[in-house]
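Here is coords15.cif, consisting of mmCIF, C-alpha atoms:
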data_model
#
loop_
_atom_site.label_atom_id
_atom_site.label_comp_id
_atom_site.auth_asym_id
_atom_site.auth_seq_id
_atom_site.Cartn_x
_atom_site.Cartn_y
_atom_site.Cartn_z
CA MET P 1 -6.67 -6.77 4.50
CA VAL P 2 -6.62 -10.00 2.57
CA ALA P 3 -6.31 -10.12 -1.21
CA HIS P 4 -5.01 -12.46 -3.89
CA MET P 5 -1.88 -12.20 -5.99
CA ASN P 6 -1.02 -14.03 -9.15
CA GLU P 7 2.50 -14.29 -10.55
CA GLU P 8 2.25 -10.92 -12.30
CA ALA P 9 0.93 -9.16 -9.19
CA LEU P 10 3.77 -10.62 -7.13
CA SER P 11 6.40 -9.56 -9.70
CA ARG P 12 5.04 -6.04 -9.94
CA THR P 13 4.89 -5.72 -6.17
CA ILE P 14 8.52 -6.80 -5.82
CA GLU P 15 9.72 -4.60 -8.69
CA SER P 16 7.77 -1.44 -7.84
CA GLY P 17 7.66 -1.62 -4.04
CA GLU P 18 3.92 -0.87 -4.27
CA ALA P 19 1.24 -3.47 -3.58
CA TRP P 20 -0.42 -5.07 -6.61
CA TYR P 21 -3.13 -7.70 -6.38
CA PHE P 22 -5.22 -9.89 -8.64
CA SER P 23 -9.00 -9.70 -8.52
CA ARG P 24 -10.54 -13.10 -9.11
CA SER P 25 -14.05 -11.65 -9.51
CA ARG P 26 -12.93 -9.11 -12.13
CA ASN P 27 -10.20 -11.37 -13.50
CA ALA P 28 -7.87 -8.38 -13.48
CA LEU P 29 -4.62 -7.16 -12.03
CA TRP P 30 -4.97 -4.08 -9.84
CA ARG P 31 -2.63 -1.71 -8.11
CA LYS P 32 -3.92 -1.02 -4.62
CA GLY P 33 -5.17 2.56 -4.56
CA GLU P 34 -5.39 3.02 -8.33
CA THR P 35 -9.01 4.17 -7.97
CA SER P 36 -9.17 5.24 -4.34
CA GLY P 37 -5.71 6.78 -4.00
CA GLN P 38 -5.17 4.60 -0.91
CA THR P 39 -1.85 3.11 -2.06
CA GLN P 40 0.44 0.77 -0.13
CA ARG P 41 4.23 1.05 -0.04
CA VAL P 42 5.85 -2.25 0.84
CA VAL P 43 7.98 -2.10 3.99
CA GLU P 44 8.53 -5.82 4.46
CA MET P 45 7.44 -8.89 2.54
CA ARG P 46 7.46 -12.43 3.90
CA VAL P 47 6.43 -15.82 2.55
CA ASP P 48 5.03 -18.72 4.52
CA CYS P 49 6.47 -22.22 4.96
CA ASP P 50 4.90 -23.75 1.84
CA GLN P 51 5.22 -20.52 -0.16
CA ASP P 52 1.58 -20.11 -1.12
CA ALA P 53 0.93 -17.11 1.12
CA VAL P 54 2.58 -13.70 1.20
CA TRP P 55 2.44 -11.37 4.17
CA ILE P 56 3.28 -7.73 3.55
CA ARG P 57 3.77 -4.93 6.02
CA VAL P 58 2.95 -1.65 4.32
CA GLU P 59 2.99 2.06 4.73
CA GLN P 60 -0.66 2.74 4.02
CA VAL P 61 -1.89 5.98 2.47
CA GLY P 62 -5.22 6.69 4.16
CA ALA P 63 -6.99 3.41 4.85
CA ALA P 64 -6.72 -0.14 3.52
CA CYS P 65 -10.40 -1.09 3.66
CA HIS P 66 -12.83 -0.18 0.88
CA THR P 67 -15.31 0.85 3.62
CA GLY P 68 -12.93 3.62 4.69
CA ARG P 69 -11.57 1.87 7.78
CA LYS P 70 -7.85 1.55 8.40
CA SER P 71 -8.19 -2.24 8.49
CA CYS P 72 -10.78 -4.61 7.02
CA PHE P 73 -10.78 -6.38 10.39
CA TYR P 74 -12.73 -3.71 12.27
CA ARG P 75 -15.22 -6.11 13.93
CA LYS P 76 -14.59 -8.77 16.50
CA VAL P 77 -16.58 -11.83 17.47
CA GLU P 78 -17.93 -11.55 21.01
CA THR P 79 -18.81 -14.91 22.51
CA GLY P 80 -19.79 -14.12 26.10
CA GLY P 81 -23.50 -14.63 26.87
CA GLY P 82 -26.31 -14.91 24.32
CA GLY P 83 -24.43 -16.44 21.43
CA PRO P 84 -21.69 -15.04 19.19
CA ARG P 85 -22.14 -11.54 17.74
CA LEU P 86 -20.04 -8.95 15.94
CA VAL P 87 -18.88 -5.84 17.78
CA SER P 88 -17.15 -2.90 16.08
CA VAL P 89 -13.65 -2.05 17.22
CA ASP P 90 -11.39 0.48 15.55
CA ALA P 91 -14.18 1.17 13.03
CA THR P 92 -13.66 4.88 12.45
CA ARG P 93 -13.89 5.78 8.78
CA LEU P 94 -10.81 7.61 7.53
CA PHE P 95 -12.43 8.39 4.19
CA ASP P 96 -15.90 8.42 2.69
CA PRO P 97 -16.24 5.49 0.25
CA LYS P 98 -18.92 7.32 -1.76
CA ALA P 99 -16.52 10.20 -2.43
CA VAL P 100 -13.45 8.04 -3.05
CA TYR P 101 -14.99 5.44 -5.38
CA ARG P 102 -17.29 7.73 -7.36
CA LYS P 103 -14.97 8.12 -10.34
CA MET J 104 -0.06 -19.05 9.88
CA VAL J 105 -2.76 -19.24 7.25
CA ALA J 106 -5.33 -22.03 7.14
CA HIS J 107 -8.86 -22.60 5.96
CA MET J 108 -12.05 -22.92 7.96
CA ASN J 109 -15.38 -24.27 6.88
CA GLU J 110 -18.63 -23.64 8.77
CA GLU J 111 -18.00 -26.52 11.17
CA ALA J 112 -14.44 -25.39 11.93
CA LEU J 113 -15.66 -21.88 12.63
CA SER J 114 -18.44 -23.11 14.94
CA ARG J 115 -16.11 -25.38 16.86
CA THR J 116 -13.54 -22.61 17.22
CA ILE J 117 -16.16 -20.23 18.62
CA GLU J 118 -17.68 -22.85 20.94
CA SER J 119 -14.45 -24.35 22.26
CA GLY J 120 -12.14 -21.33 22.26
CA GLU J 121 -9.52 -23.54 20.55
CA ALA J 122 -8.57 -23.16 16.89
CA TRP J 123 -10.10 -25.67 14.47
CA TYR J 124 -9.42 -25.65 10.74
CA PHE J 125 -10.46 -27.49 7.61
CA SER J 126 -7.87 -29.21 5.46
CA ARG J 127 -8.80 -28.98 1.80
CA SER J 128 -6.13 -31.51 0.77
CA ARG J 129 -7.28 -34.11 3.31
CA ASN J 130 -10.93 -32.99 3.15
CA ALA J 131 -11.04 -33.15 6.93
CA LEU J 132 -11.66 -31.01 9.94
CA TRP J 133 -8.69 -30.69 12.27
CA ARG J 134 -8.04 -29.23 15.66
CA LYS J 135 -4.75 -27.34 15.59
CA GLY J 136 -2.29 -29.35 17.66
CA GLU J 137 -4.24 -32.60 17.71
CA THR J 138 -1.17 -34.45 16.41
CA SER J 139 1.65 -32.11 17.35
CA GLY J 140 0.35 -30.87 20.70
CA GLN J 141 0.87 -27.29 19.47
CA THR J 142 -2.63 -26.06 20.27
CA GLN J 143 -3.99 -22.54 19.94
CA ARG J 144 -6.25 -20.85 22.47
CA VAL J 145 -8.26 -18.05 20.91
CA VAL J 146 -7.64 -14.65 22.50
CA GLU J 147 -9.42 -12.52 19.91
CA MET J 148 -11.30 -13.28 16.72
CA ARG J 149 -12.10 -10.76 14.01
CA VAL J 150 -13.84 -10.90 10.63
CA ASP J 151 -13.06 -8.80 7.60
CA CYS J 152 -15.33 -6.36 5.75
CA ASP J 153 -16.94 -8.91 3.43
CA GLN J 154 -16.88 -11.66 6.06
CA ASP J 155 -14.94 -14.25 4.11
CA ALA J 156 -11.77 -14.02 6.19
CA VAL J 157 -11.21 -14.59 9.88
CA TRP J 158 -8.22 -13.27 11.79
CA ILE J 159 -7.47 -14.84 15.15
CA ARG J 160 -4.99 -13.83 17.78
CA VAL J 161 -3.99 -16.88 19.80
CA GLU J 162 -2.06 -18.05 22.77
CA GLN J 163 0.16 -20.57 21.03
CA VAL J 164 1.48 -23.68 22.75
CA GLY J 165 4.99 -24.16 21.36
CA ALA J 166 5.03 -23.09 17.72
CA ALA J 167 2.42 -22.56 15.01
CA CYS J 168 4.44 -23.76 12.03
CA HIS J 169 4.73 -27.45 11.11
CA THR J 170 8.47 -26.83 10.54
CA GLY J 171 8.87 -26.02 14.24
CA ARG J 172 9.09 -22.25 13.85
CA LYS J 173 6.92 -19.92 15.91
CA SER J 174 5.44 -18.45 12.72
CA CYS J 175 5.12 -19.84 9.20
CA PHE J 176 6.37 -16.47 7.97
CA TYR J 177 10.01 -16.96 8.98
CA ARG J 178 11.52 -15.81 5.66
CA LYS J 179 11.49 -12.40 4.08
CA VAL J 180 11.95 -11.33 0.49
CA GLU J 181 15.12 -9.26 0.07
CA THR J 182 15.05 -7.12 -3.05
CA GLY J 183 18.24 -5.07 -2.84
CA GLY J 184 20.85 -5.94 -5.51
CA GLY J 185 20.97 -9.14 -7.56
CA GLY J 186 17.26 -9.91 -7.75
CA PRO J 187 14.80 -11.02 -5.09
CA ARG J 188 15.82 -13.78 -2.67
CA LEU J 189 14.56 -15.29 0.56
CA VAL J 190 16.36 -14.59 3.82
CA SER J 191 15.56 -16.30 7.11
CA VAL J 192 14.41 -14.15 10.00
CA ASP J 193 13.10 -15.47 13.29
CA ALA J 194 13.66 -19.01 11.99
CA THR J 195 14.69 -20.75 15.20
CA ARG J 196 12.99 -24.13 15.57
CA LEU J 197 11.07 -24.45 18.85
CA PHE J 198 10.42 -28.14 18.27
CA ASP J 199 11.76 -30.93 16.11
CA PRO J 200 9.15 -31.82 13.46
CA LYS J 201 10.49 -35.38 13.18
CA ALA J 202 9.82 -35.99 16.87
CA VAL J 203 6.48 -34.17 17.00
CA TYR J 204 4.85 -35.67 13.89
CA ARG J 205 6.19 -39.21 14.18
CA LYS J 206 3.05 -40.67 15.75
#
Before anything else, please render the file you have as structure tokens.
Amino acid sequence: MVAHMNEEALSRTIESGEAWYFSRSRNALWRKGETSGQTQRVVEMRVDCDQDAVWIRVEQVGAACHTGRKSCFYRKVETGGGGPRLVSVDATRLFDPKAVYRK
Amino acid sequence: MVAHMNEEALSRTIESGEAWYFSRSRNALWRKGETSGQTQRVVEMRVDCDQDAVWIRVEQVGAACHTGRKSCFYRKVETGGGGPRLVSVDATRLFDPKAVYRK
């Protein structure tokens, strides 16, 4: 998955060992899984060369994607014959979003 | 590595099978490796759930990072004892940036 962090999200992630992000659309800090229960325990955290990107390897409870898939990247771009199109790969739902986000 | 694409960069990447990006600071399209020679051949391309992020697996000529490292994520955040600090991992330089970017 890809999400944004602000300074507070980064600090909380480092201090707690659980992934926190910042929602730009809701203008709010959020702890991954606070609604869905699909939390992330940080196993390893890296920063990139110019230190504006953070990569974290996590132990994921359930699934990372809000659609119920393990990963948000469950579709690939197929380019052979007839123009590019999306094909599902690894798209099994591990939870039902309607059940998990109803509260 | 993390970089941005605009519509044109995405189209060119799909059509050519080589990674193209868009530099927001230079406001210019760029083909990865056009200066450094460190090109990327696309092996697999995926999109995320809300289709605003692209993940590509590449066959990398040389190294992806402008510092000469294979990956831009060559430092990890260590949190045990004495506050968080960066520690190099997998930080061997595969090329000399001064030589590669001098042109």
Among the residues P:Glu59, P:Ser25, P:Gly37, P:Thr79, the one that comes closest to chain J [using only C-alpha atoms]
P:Thr79
Go ahead and align chain P to chain J (same sequence, so just pair every C-alpha in order, least squares) and export the moved chain as a JSON list (two decimals) with C-alpha atoms, in the coordinates of the input.
[["chain", "number", "residue", "atom", "x", "y", "z"],
["P", 1, "MET", "CA", -0.05, -19.07, 9.87],
["P", 2, "VAL", "CA", -2.75, -19.25, 7.25],
["P", 3, "ALA", "CA", -5.32, -22.04, 7.15],
["P", 4, "HIS", "CA", -8.87, -22.60, 5.96],
["P", 5, "MET", "CA", -12.05, -22.92, 7.97],
["P", 6, "ASN", "CA", -15.38, -24.27, 6.89],
["P", 7, "GLU", "CA", -18.62, -23.66, 8.77],
["P", 8, "GLU", "CA", -17.99, -26.53, 11.18],
["P", 9, "ALA", "CA", -14.42, -25.40, 11.92],
["P", 10, "LEU", "CA", -15.66, -21.87, 12.62],
["P", 11, "SER", "CA", -18.44, -23.13, 14.93],
["P", 12, "ARG", "CA", -16.10, -25.38, 16.86],
["P", 13, "THR", "CA", -13.54, -22.60, 17.22],
["P", 14, "ILE", "CA", -16.16, -20.22, 18.61],
["P", 15, "GLU", "CA", -17.68, -22.83, 20.93],
["P", 16, "SER", "CA", -14.45, -24.35, 22.27],
["P", 17, "GLY", "CA", -12.14, -21.33, 22.26],
["P", 18, "GLU", "CA", -9.53, -23.53, 20.55],
["P", 19, "ALA", "CA", -8.58, -23.16, 16.89],
["P", 20, "TRP", "CA", -10.10, -25.65, 14.46],
["P", 21, "TYR", "CA", -9.42, -25.64, 10.74],
["P", 22, "PHE", "CA", -10.46, -27.49, 7.61],
["P", 23, "SER", "CA", -7.87, -29.21, 5.45],
["P", 24, "ARG", "CA", -8.80, -28.99, 1.80],
["P", 25, "SER", "CA", -6.12, -31.51, 0.77],
["P", 26, "ARG", "CA", -7.28, -34.10, 3.32],
["P", 27, "ASN", "CA", -10.91, -33.01, 3.14],
["P", 28, "ALA", "CA", -11.03, -33.14, 6.93],
["P", 29, "LEU", "CA", -11.67, -31.01, 9.96],
["P", 30, "TRP", "CA", -8.69, -30.70, 12.28],
["P", 31, "ARG", "CA", -8.05, -29.23, 15.68],
["P", 32, "LYS", "CA", -4.77, -27.35, 15.61],
["P", 33, "GLY", "CA", -2.28, -29.33, 17.68],
["P", 34, "GLU", "CA", -4.24, -32.60, 17.71],
["P", 35, "THR", "CA", -1.16, -34.45, 16.42],
["P", 36, "SER", "CA", 1.66, -32.09, 17.35],
["P", 37, "GLY", "CA", 0.35, -30.86, 20.70],
["P", 38, "GLN", "CA", 0.89, -27.29, 19.47],
["P", 39, "THR", "CA", -2.63, -26.06, 20.27],
["P", 40, "GLN", "CA", -4.00, -22.53, 19.93],
["P", 41, "ARG", "CA", -6.26, -20.84, 22.48],
["P", 42, "VAL", "CA", -8.28, -18.05, 20.91],
["P", 43, "VAL", "CA", -7.65, -14.65, 22.50],
["P", 44, "GLU", "CA", -9.42, -12.51, 19.92],
["P", 45, "MET", "CA", -11.31, -13.27, 16.73],
["P", 46, "ARG", "CA", -12.11, -10.74, 14.02],
["P", 47, "VAL", "CA", -13.83, -10.89, 10.65],
["P", 48, "ASP", "CA", -13.06, -8.80, 7.61],
["P", 49, "CYS", "CA", -15.32, -6.36, 5.75],
["P", 50, "ASP", "CA", -16.93, -8.92, 3.42],
["P", 51, "GLN", "CA", -16.87, -11.67, 6.06],
["P", 52, "ASP", "CA", -14.93, -14.26, 4.10],
["P", 53, "ALA", "CA", -11.76, -14.02, 6.19],
["P", 54, "VAL", "CA", -11.21, -14.59, 9.89],
["P", 55, "TRP", "CA", -8.23, -13.26, 11.80],
["P", 56, "ILE", "CA", -7.48, -14.85, 15.15],
["P", 57, "ARG", "CA", -5.00, -13.82, 17.79],
["P", 58, "VAL", "CA", -4.00, -16.88, 19.79],
["P", 59, "GLU", "CA", -2.07, -18.06, 22.76],
["P", 60, "GLN", "CA", 0.15, -20.57, 21.03],
["P", 61, "VAL", "CA", 1.48, -23.68, 22.75],
["P", 62, "GLY", "CA", 4.99, -24.17, 21.36],
["P", 63, "ALA", "CA", 5.04, -23.09, 17.72],
["P", 64, "ALA", "CA", 2.42, -22.57, 15.02],
["P", 65, "CYS", "CA", 4.44, -23.76, 12.02],
["P", 66, "HIS", "CA", 4.72, -27.44, 11.11],
["P", 67, "THR", "CA", 8.47, -26.84, 10.54],
["P", 68, "GLY", "CA", 8.86, -26.03, 14.24],
["P", 69, "ARG", "CA", 9.08, -22.26, 13.85],
["P", 70, "LYS", "CA", 6.92, -19.93, 15.91],
["P", 71, "SER", "CA", 5.45, -18.47, 12.72],
["P", 72, "CYS", "CA", 5.13, -19.85, 9.19],
["P", 73, "PHE", "CA", 6.38, -16.46, 7.97],
["P", 74, "TYR", "CA", 10.01, -16.97, 8.98],
["P", 75, "ARG", "CA", 11.53, -15.82, 5.64],
["P", 76, "LYS", "CA", 11.47, -12.42, 4.06],
["P", 77, "VAL", "CA", 11.94, -11.32, 0.48],
["P", 78, "GLU", "CA", 15.11, -9.26, 0.06],
["P", 79, "THR", "CA", 15.05, -7.11, -3.05],
["P", 80, "GLY", "CA", 18.24, -5.05, -2.84],
["P", 81, "GLY", "CA", 20.87, -5.93, -5.47],
["P", 82, "GLY", "CA", 20.98, -9.12, -7.55],
["P", 83, "GLY", "CA", 17.30, -9.91, -7.76],
["P", 84, "PRO", "CA", 14.81, -10.99, -5.09],
["P", 85, "ARG", "CA", 15.82, -13.77, -2.68],
["P", 86, "LEU", "CA", 14.56, -15.29, 0.56],
["P", 87, "VAL", "CA", 16.36, -14.57, 3.82],
["P", 88, "SER", "CA", 15.56, -16.32, 7.11],
["P", 89, "VAL", "CA", 14.40, -14.16, 9.98],
["P", 90, "ASP", "CA", 13.08, -15.48, 13.27],
["P", 91, "ALA", "CA", 13.65, -19.03, 11.98],
["P", 92, "THR", "CA", 14.66, -20.76, 15.19],
["P", 93, "ARG", "CA", 12.98, -24.13, 15.57],
["P", 94, "LEU", "CA", 11.07, -24.45, 18.83],
["P", 95, "PHE", "CA", 10.43, -28.15, 18.28],
["P", 96, "ASP", "CA", 11.76, -30.93, 16.10],
["P", 97, "PRO", "CA", 9.13, -31.82, 13.46],
["P", 98, "LYS", "CA", 10.47, -35.38, 13.16],
["P", 99, "ALA", "CA", 9.84, -35.99, 16.86],
["P", 100, "VAL", "CA", 6.49, -34.18, 17.01],
["P", 101, "TYR", "CA", 4.86, -35.67, 13.89],
["P", 102, "ARG", "CA", 6.18, -39.22, 14.19],
["P", 103, "LYS", "CA", 3.04, -40.66, 15.76]]
For a quick check of understanding, using all atoms listed in the file, which of P:Arg12, P:Arg41, P:Arg57, P:Lys76 has the smallest distance to chain J?
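Among the listed residues, P:Lys76 lies closest to chain J.
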Tell me which residues the PyMOL selection byres ((chain P) within 9 of (chain J)) grabs here, as an NGL selection string.
:P and (1-2 or 14-15 or 44-50 or 53-55 or 65-67 or 71-79 or 84 or 86)
Contact residues around P:Trp30 with only C-alpha atoms at 7 Å, ignoring same-chain residues under 2 positions, as a PyMOL selection string:
chain P and resi 20-22+28+32
Hey, what's within 8 Å of J:Asp199 if we count only C-alpha atoms and toss same-chain stuff fewer than 3 positions away? As a PyMOL selection string, please?
chain J and resi 170-171+196+202-203
For stretch 147-158 of chain J, supply all heavy atoms and report the output as a compact mmCIF listing (two decimals), in the coordinates of the input.
# COMPACT_ATOMS: atom_id res chain seq x y z
N GLU J 147 -8.53 -13.46 20.58
CA GLU J 147 -9.42 -12.52 19.91
C GLU J 147 -9.70 -13.01 18.50
O GLU J 147 -8.81 -13.56 17.85
CB GLU J 147 -8.79 -11.12 19.85
CG GLU J 147 -9.74 -10.05 19.34
CD GLU J 147 -9.13 -8.66 19.34
OE1 GLU J 147 -7.98 -8.51 19.79
OE2 GLU J 147 -9.80 -7.72 18.89
N MET J 148 -10.93 -12.85 18.06
CA MET J 148 -11.30 -13.28 16.72
C MET J 148 -11.97 -12.11 16.00
O MET J 148 -12.88 -11.49 16.53
CB MET J 148 -12.26 -14.46 16.81
CG MET J 148 -12.83 -14.88 15.47
SD MET J 148 -14.02 -16.26 15.63
CE MET J 148 -12.88 -17.62 15.86
N ARG J 149 -11.49 -11.82 14.80
CA ARG J 149 -12.10 -10.76 14.01
C ARG J 149 -12.52 -11.27 12.64
O ARG J 149 -11.99 -12.28 12.18
CB ARG J 149 -11.12 -9.58 13.84
CG ARG J 149 -10.75 -8.92 15.17
CD ARG J 149 -10.19 -7.55 14.94
NE ARG J 149 -9.78 -6.89 16.16
CZ ARG J 149 -9.43 -5.61 16.24
NH1 ARG J 149 -9.44 -4.86 15.15
NH2 ARG J 149 -9.07 -5.07 17.38
N VAL J 150 -13.45 -10.56 12.01
CA VAL J 150 -13.84 -10.90 10.63
C VAL J 150 -13.56 -9.68 9.75
O VAL J 150 -13.57 -8.56 10.24
CB VAL J 150 -15.33 -11.27 10.52
CG1 VAL J 150 -15.59 -12.57 11.24
CG2 VAL J 150 -16.22 -10.16 11.05
N ASP J 151 -13.35 -9.94 8.48
CA ASP J 151 -13.06 -8.80 7.60
C ASP J 151 -14.35 -8.22 7.01
O ASP J 151 -15.46 -8.71 7.27
CB ASP J 151 -12.02 -9.16 6.53
CG ASP J 151 -12.58 -9.98 5.40
OD1 ASP J 151 -13.66 -10.58 5.56
OD2 ASP J 151 -11.93 -10.03 4.34
N CYS J 152 -14.19 -7.15 6.24
CA CYS J 152 -15.33 -6.36 5.75
C CYS J 152 -16.37 -7.20 5.02
O CYS J 152 -17.57 -7.01 5.22
CB CYS J 152 -14.83 -5.22 4.86
SG CYS J 152 -13.63 -5.72 3.61
N ASP J 153 -15.95 -8.11 4.16
CA ASP J 153 -16.94 -8.91 3.43
C ASP J 153 -17.14 -10.29 4.05
O ASP J 153 -17.78 -11.16 3.46
CB ASP J 153 -16.59 -9.01 1.93
CG ASP J 153 -15.22 -9.62 1.70
OD1 ASP J 153 -14.53 -9.95 2.68
OD2 ASP J 153 -14.83 -9.77 0.53
N GLN J 154 -16.63 -10.47 5.24
CA GLN J 154 -16.88 -11.66 6.06
C GLN J 154 -16.53 -12.99 5.39
O GLN J 154 -17.22 -13.98 5.58
CB GLN J 154 -18.34 -11.67 6.56
CG GLN J 154 -18.66 -10.43 7.39
CD GLN J 154 -19.94 -10.55 8.20
OE1 GLN J 154 -20.19 -11.57 8.82
NE2 GLN J 154 -20.76 -9.51 8.18
N ASP J 155 -15.43 -12.98 4.63
CA ASP J 155 -14.94 -14.25 4.11
C ASP J 155 -13.53 -14.56 4.62
O ASP J 155 -12.89 -15.50 4.15
CB ASP J 155 -14.99 -14.30 2.58
CG ASP J 155 -14.09 -13.26 1.93
OD1 ASP J 155 -13.37 -12.53 2.64
OD2 ASP J 155 -14.12 -13.17 0.68
N ALA J 156 -13.06 -13.75 5.58
CA ALA J 156 -11.77 -14.02 6.19
C ALA J 156 -11.87 -13.80 7.69
O ALA J 156 -12.57 -12.89 8.15
CB ALA J 156 -10.69 -13.13 5.60
N VAL J 157 -11.22 -14.66 8.43
CA VAL J 157 -11.21 -14.59 9.88
C VAL J 157 -9.76 -14.41 10.33
O VAL J 157 -8.86 -15.06 9.79
CB VAL J 157 -11.78 -15.90 10.50
CG1 VAL J 157 -11.63 -15.89 12.02
CG2 VAL J 157 -13.23 -16.08 10.11
N TRP J 158 -9.55 -13.50 11.24
CA TRP J 158 -8.22 -13.27 11.79
C TRP J 158 -8.30 -13.64 13.26
O TRP J 158 -9.17 -13.15 13.96
CB TRP J 158 -7.87 -11.79 11.59
CG TRP J 158 -6.66 -11.27 12.28
CD1 TRP J 158 -5.39 -11.22 11.78
CD2 TRP J 158 -6.57 -10.70 13.59
NE1 TRP J 158 -4.55 -10.66 12.71
CE2 TRP J 158 -5.24 -10.33 13.82
CE3 TRP J 158 -7.51 -10.47 14.61
CZ2 TRP J 158 -4.80 -9.75 15.02
CZ3 TRP J 158 -7.09 -9.89 15.80
CH2 TRP J 158 -5.74 -9.53 16.00
